[in-house]
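Student: Coordinates in input-v2.cif, mmCIF, C-alpha atoms and all ligand atoms, are listed below.
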data_model
#
loop_
_atom_site.label_atom_id
_atom_site.label_comp_id
_atom_site.auth_asym_id
_atom_site.auth_seq_id
_atom_site.Cartn_x
_atom_site.Cartn_y
_atom_site.Cartn_z
CA MET A 1 104.68 109.82 123.23
CA THR A 2 105.01 107.58 120.19
CA LEU A 3 104.12 103.95 119.61
CA ALA A 4 106.72 101.51 120.96
CA LEU A 5 107.29 98.10 119.43
CA TYR A 6 108.75 95.25 121.47
CA SER A 7 110.74 93.55 118.75
CA TYR A 8 113.61 91.22 117.97
CA PHE A 9 115.46 91.87 114.73
CA ARG A 10 115.05 88.30 113.44
CA SER A 11 111.46 87.75 114.57
CA SER A 12 109.34 87.43 111.46
CA ALA A 13 106.17 88.29 113.40
CA ALA A 14 107.83 91.53 114.58
CA PHE A 15 109.07 92.14 111.02
CA ARG A 16 105.40 92.03 109.88
CA VAL A 17 104.46 94.81 112.29
CA ARG A 18 107.55 96.86 111.41
CA ILE A 19 106.49 96.68 107.74
CA ALA A 20 102.96 97.80 108.62
CA LEU A 21 104.26 100.74 110.69
CA GLU A 22 106.63 101.75 107.89
CA LEU A 23 104.03 101.41 105.13
CA LYS A 24 101.71 103.68 107.10
CA GLY A 25 104.55 106.13 107.73
CA LEU A 26 104.04 106.10 111.50
CA GLU A 27 106.56 107.20 114.09
CA TYR A 28 107.58 104.43 116.49
CA ARG A 29 110.47 103.34 118.62
CA ILE A 30 111.89 99.86 119.00
CA ILE A 31 112.27 98.23 122.41
CA PRO A 32 114.54 95.22 121.73
CA VAL A 33 113.76 91.87 123.36
CA ASN A 34 116.63 89.43 122.80
CA LEU A 35 114.93 86.10 122.11
CA LEU A 36 118.18 84.11 122.01
CA ALA A 37 119.05 85.41 125.47
CA GLY A 38 115.54 84.40 126.67
CA GLU A 39 114.48 87.97 127.54
CA GLN A 40 110.95 87.18 126.34
CA ARG A 41 110.57 84.86 129.34
CA GLY A 42 112.13 87.26 131.85
CA ALA A 43 109.92 88.64 134.64
CA ALA A 44 109.98 92.20 133.30
CA TYR A 45 108.67 91.25 129.86
CA MET A 46 106.27 88.52 131.08
CA GLU A 47 104.62 91.09 133.29
CA ARG A 48 103.83 93.12 130.18
CA ASN A 49 103.03 90.17 127.88
CA PRO A 50 102.41 86.89 129.75
CA GLN A 51 102.55 84.91 126.51
CA GLY A 52 106.26 85.72 126.24
CA PHE A 53 106.19 86.52 122.52
CA VAL A 54 107.24 89.44 120.38
CA PRO A 55 105.85 91.53 118.83
CA ALA A 56 103.88 93.64 121.27
CA LEU A 57 102.88 97.23 120.60
CA GLU A 58 102.73 99.72 123.43
CA LEU A 59 100.27 102.52 122.82
CA PRO A 60 100.78 106.10 124.02
CA ASP A 61 98.36 105.47 126.94
CA GLY A 62 100.56 102.58 128.15
CA SER A 63 98.25 99.76 127.03
CA LEU A 64 99.71 96.83 125.13
CA LEU A 65 98.55 95.06 121.98
CA THR A 66 99.81 91.56 121.13
CA GLN A 67 99.54 89.17 118.14
CA SER A 68 100.75 90.60 114.83
CA PRO A 69 97.44 90.19 112.89
CA ALA A 70 95.53 92.02 115.64
CA ILE A 71 98.19 94.75 115.89
CA ILE A 72 98.26 95.33 112.13
CA GLU A 73 94.47 95.42 111.82
CA TRP A 74 94.31 97.87 114.72
CA LEU A 75 96.92 100.09 113.07
CA ASP A 76 95.00 100.02 109.82
CA ALA A 77 91.67 100.82 111.46
CA THR A 78 92.87 103.64 113.71
CA GLN A 79 96.02 105.22 112.28
CA PRO A 80 96.59 107.56 109.32
CA GLY A 81 98.48 106.52 106.21
CA PRO A 82 97.81 104.21 103.27
CA ARG A 83 95.30 101.39 103.79
CA LEU A 84 96.85 97.98 104.40
CA LEU A 85 93.59 96.09 103.81
CA PRO A 86 91.09 96.81 101.03
CA VAL A 87 87.66 98.23 101.92
CA ASP A 88 85.58 95.57 100.17
CA GLU A 89 84.76 92.70 102.55
CA LEU A 90 85.32 89.95 99.97
CA ALA A 91 88.71 91.42 99.04
CA ARG A 92 89.56 91.73 102.76
CA ALA A 93 88.72 88.06 103.32
CA ARG A 94 91.03 87.08 100.46
CA ILE A 95 93.92 89.09 101.95
CA ARG A 96 93.26 87.62 105.41
CA ALA A 97 93.38 84.14 103.86
CA ILE A 98 96.87 84.85 102.47
CA CYS A 99 97.97 86.17 105.87
CA GLY A 100 96.44 83.10 107.52
CA ILE A 101 98.52 80.72 105.41
CA VAL A 102 101.66 82.43 106.72
CA ALA A 103 100.58 83.12 110.30
CA CYS A 104 98.53 79.97 111.01
CA ASP A 105 99.84 77.28 108.67
CA ILE A 106 103.57 78.00 108.25
CA HIS A 107 104.92 80.10 111.10
CA PRO A 108 103.63 78.13 114.15
CA LEU A 109 105.35 74.99 112.86
CA ASN A 110 108.68 76.72 112.30
CA ASN A 111 109.10 79.32 115.01
CA LEU A 112 111.91 79.47 117.54
CA ARG A 113 110.31 77.54 120.40
CA VAL A 114 109.26 74.71 118.07
CA LEU A 115 112.76 74.44 116.59
CA GLN A 116 114.26 74.52 120.09
CA TYR A 117 111.84 71.76 121.20
CA LEU A 118 112.73 69.59 118.21
CA GLU A 119 116.42 70.03 118.90
CA HIS A 120 116.61 69.98 122.69
CA GLU A 121 113.63 67.86 123.82
CA LEU A 122 113.25 65.47 120.90
CA THR A 123 117.02 65.54 120.30
CA LEU A 124 116.73 65.79 116.53
CA ASP A 125 120.00 66.63 114.80
CA LYS A 126 120.31 69.89 112.83
CA ASP A 127 119.76 68.23 109.42
CA THR A 128 116.53 66.55 110.53
CA ARG A 129 115.35 69.78 112.13
CA ASN A 130 116.11 71.65 108.90
CA SER A 131 114.22 69.11 106.82
CA TRP A 132 111.19 69.67 109.11
CA TYR A 133 111.57 73.42 108.51
CA HIS A 134 111.86 73.03 104.74
CA HIS A 135 108.97 70.58 104.54
CA TRP A 136 106.46 72.94 106.18
CA LEU A 137 107.77 75.93 104.21
CA GLY A 138 107.25 73.98 100.99
CA GLU A 139 103.67 73.05 101.95
CA GLY A 140 102.88 76.65 102.87
CA PHE A 141 104.45 78.29 99.83
CA ALA A 142 102.66 75.79 97.58
CA ALA A 143 99.36 77.02 99.03
CA LEU A 144 100.36 80.69 98.70
CA GLU A 145 101.84 80.67 95.20
CA PRO A 146 98.58 80.39 93.18
CA LEU A 147 97.00 83.19 95.24
CA LEU A 148 99.68 85.75 94.37
CA PRO A 149 99.79 88.16 91.41
CA GLU A 150 102.42 87.84 88.68
CA GLN A 151 102.87 91.61 88.80
CA GLY A 152 102.01 94.36 91.25
CA TYR A 153 100.81 93.54 94.72
CA CYS A 154 98.05 91.46 96.28
CA THR A 155 95.62 94.37 96.43
CA GLY A 156 96.80 96.05 93.22
CA GLU A 157 99.14 99.01 92.95
CA ALA A 158 100.58 99.14 96.46
CA PRO A 159 101.78 96.61 99.00
CA GLY A 160 99.72 96.06 102.14
CA MET A 161 98.91 93.51 104.81
CA ALA A 162 99.48 90.45 102.60
CA GLU A 163 103.01 91.60 101.74
CA ALA A 164 103.67 92.36 105.43
CA PHE A 165 103.16 88.64 106.08
CA ILE A 166 104.77 87.15 102.95
CA VAL A 167 108.04 89.11 102.94
CA PRO A 168 109.23 88.07 106.44
CA GLN A 169 108.40 84.43 105.68
CA VAL A 170 110.51 84.53 102.50
CA ALA A 171 113.34 86.28 104.38
CA ASN A 172 113.28 83.40 106.90
CA ALA A 173 113.27 80.88 104.05
CA GLN A 174 116.39 82.52 102.64
CA ARG A 175 118.08 82.40 106.04
CA PHE A 176 117.41 78.66 106.17
CA ARG A 177 118.71 78.20 102.59
CA PHE A 178 115.32 77.14 101.23
CA ALA A 179 115.29 77.24 97.38
CA MET A 180 112.44 79.46 96.13
CA GLU A 181 112.63 78.35 92.44
CA ARG A 182 109.39 76.36 92.70
CA PHE A 183 107.59 79.51 93.81
CA PRO A 184 108.40 82.19 91.21
CA ARG A 185 105.47 84.51 92.00
CA THR A 186 106.29 84.49 95.70
CA ALA A 187 110.00 85.07 95.02
CA ALA A 188 109.29 87.92 92.57
CA LEU A 189 106.80 89.58 94.94
CA PHE A 190 109.46 89.44 97.65
CA GLU A 191 112.00 91.14 95.34
CA ARG A 192 109.51 93.86 94.33
CA CYS A 193 108.78 94.62 97.97
CA MET A 194 112.39 94.56 99.09
CA ALA A 195 113.20 97.27 96.52
CA LEU A 196 110.90 99.63 98.48
CA GLU A 197 112.12 101.86 101.33
CA PRO A 198 109.53 100.79 103.96
CA PHE A 199 110.52 97.13 103.56
CA MET A 200 114.23 97.98 103.66
CA ARG A 201 113.76 99.97 106.87
CA ALA A 202 111.77 97.14 108.46
CA HIS A 203 114.26 94.42 107.43
CA PRO A 204 116.23 92.60 110.18
CA GLU A 205 119.51 93.98 108.78
CA SER A 206 118.30 97.56 109.39
CA GLN A 207 117.39 96.96 113.04
CA PRO A 208 119.19 98.64 115.94
CA ASP A 209 119.39 95.31 117.83
CA ARG A 210 120.81 93.20 114.99
CA ASN A 211 123.97 91.35 115.93
N1 LIG A 301 101.08 84.47 116.60
C1 LIG A 301 102.09 85.37 117.09
C2 LIG A 301 103.43 84.69 116.96
C3 LIG A 301 104.50 85.43 117.69
C4 LIG A 301 105.77 84.60 117.75
O1 LIG A 301 105.79 83.39 117.52
N2 LIG A 301 106.86 85.28 118.07
C5 LIG A 301 108.11 84.59 118.17
C6 LIG A 301 109.17 85.28 117.33
S1 LIG A 301 108.77 85.25 115.61
C7 LIG A 301 108.56 84.64 119.62
O2 LIG A 301 108.42 85.64 120.30
N3 LIG A 301 109.12 83.53 120.07
C8 LIG A 301 109.64 83.45 121.39
C9 LIG A 301 109.95 82.05 121.75
O3 LIG A 301 109.75 81.16 120.91
O4 LIG A 301 110.37 81.84 122.89
C10 LIG A 301 102.05 86.69 116.30
O5 LIG A 301 101.67 86.66 115.13
O6 LIG A 301 102.38 87.74 116.86
#
Step by step, read the file and then write its structure as structure tokens.
Tutor:
Amino acid sequence: MTLALYSYFRSSAAFRVRIALELKGLEYRIIPVNLLAGEQRGAAYMERNPQGFVPALELPDGSLLTQSPAIIEWLDATQPGPRLLPVDELARARIRAICGIVACDIHPLNNLRVLQYLEHELTLDKDTRNSWYHHWLGEGFAALEPLLPEQGYCTGEAPGMAEAFIVPQVANAQRFRFAMERFPRTAALFERCMALEPFMRAHPESQPDRN
């Protein structure tokens, strides 16, 4: 039995884990969870993952891992393939800081349930909701930009965990028509990654459940 990833094509947190699986060259299958149809809150999925989020990774023994940083670190620590985090502890902390900017400071402010709350509960119109989205992206990318290399990847010659977090966030920014000109290192790193097969295979447009 292979690894199985509960995923939604547009979920940037699931996109992170797909990148990690692809970079490590692991075999996995996708179990689609349609977030727009609310399947993440259906009884069948909630029984597996009571938080009602994707991604979740089902291991061959049937156990389930949740939270993309935990899943990716587990993959890196236990599975074969190229390392996603450096060995040196100081270097690891620097990579985790980059991932933290995306996962803790940008994404929670801009994910689906927050946008739905702004629109449906606080009755903000689409333009106001989009300016919220753009504001927090701008703050987050401004923090990321000086931490990124002008060439190569965050840990040197090959992409790893940092790129697994940055690329999906930039893809989301593009979807929301956020101009990346102020963040040239981030934009160029995104382009370098997206020229690579593992990132192409993990991209929302390559997913079996895209619609
Ligand atoms: N901190 C979680 C975030 C997961 C998350 O927010 N997933 C979103 C999709 S990107 C989700 O499942 N949202 C469902 C919803 O908002 O109802 C992680 O990194 O895995």
Student: For Leu26 in chain A, please output as a PDB file with C-alpha atoms, keeping the file's coordinate frame all residues within 10 Å (counting only C-alpha atoms; exclusion window: fewer than 5 positions along the same chain).
Tutor:
ATOM      1  CA  THR A   2     105.010 107.580 120.190  1.00  0.00           C
ATOM      2  CA  LEU A   3     104.120 103.950 119.610  1.00  0.00           C
ATOM      3  CA  ARG A  18     107.550  96.860 111.410  1.00  0.00           C
ATOM      4  CA  ALA A  20     102.960  97.800 108.620  1.00  0.00           C
ATOM      5  CA  LEU A  21     104.260 100.740 110.690  1.00  0.00           C
ATOM      6  CA  LEU A  75      96.920 100.090 113.070  1.00  0.00           C
ATOM      7  CA  GLN A  79      96.020 105.220 112.280  1.00  0.00           C
ATOM      8  CA  PRO A  80      96.590 107.560 109.320  1.00  0.00           C
ATOM      9  CA  GLY A  81      98.480 106.520 106.210  1.00  0.00           C
TER      10      GLY A  81
END
Student: Out of A:Met180, A:Leu84, A:Ala43, A:Ile71, which residue has the shortest atom-to-atom distance to ligand LIG 301 (chain A) when counting only C-alpha atoms and all ligand atoms?
Tutor: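 Among A:Met180, A:Leu84, A:Ala43, A:Ile71, it is A:Ile71 that comes nearest to ligand LIG 301 (chain A).
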Student: For Ala4 in chain A, please output as a ChimeraX atom specification all residues within 7 Å (counting all atoms listed in the file; exclusion window: fewer than 2 positions along the same chain).
Tutor: /A:2,6,28-31,57-59
Student: For a test of reading the model, state the distance in Å between CA of Ala103 in chain A and CA of Leu64 in chain A, rounded to one decimal.
Tutor: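 Calculated distance between CA of Ala103 in chain A and CA of Leu64 in chain A is 20.2 Å.
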Student: Can you tell me which residues sit at most 7 Å away from ligand LIG 301 (chain A), counting only C-alpha atoms and all ligand atoms, written as a list of chain:residue names?
Tutor: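 Those within range of ligand LIG 301 (chain A) are A:Ser11, A:Ser12, A:Ala13, A:Ala14, A:Leu35, A:Gly38, A:Gln40, A:Gly52, A:Phe53, A:Val54, A:Pro55, A:Thr66, A:Gln67, A:Ser68, A:Pro69, A:Ala103, A:Pro108, A:Asn111, A:Leu112, A:Arg113.
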Student: Find, counting all atoms listed in the file, the residue in A:Ala37, A:Cys99, A:Leu115, A:Leu124 that gets nearest to Leu144 in chain A.
Tutor: A:Cys99
Student: Considering only C-alpha atoms, state which residue in the set A:Leu5, A:Ala44, A:Asp88, A:Glu145 is at the smallest distance from Gly62 in chain A.
Tutor: A:Leu5
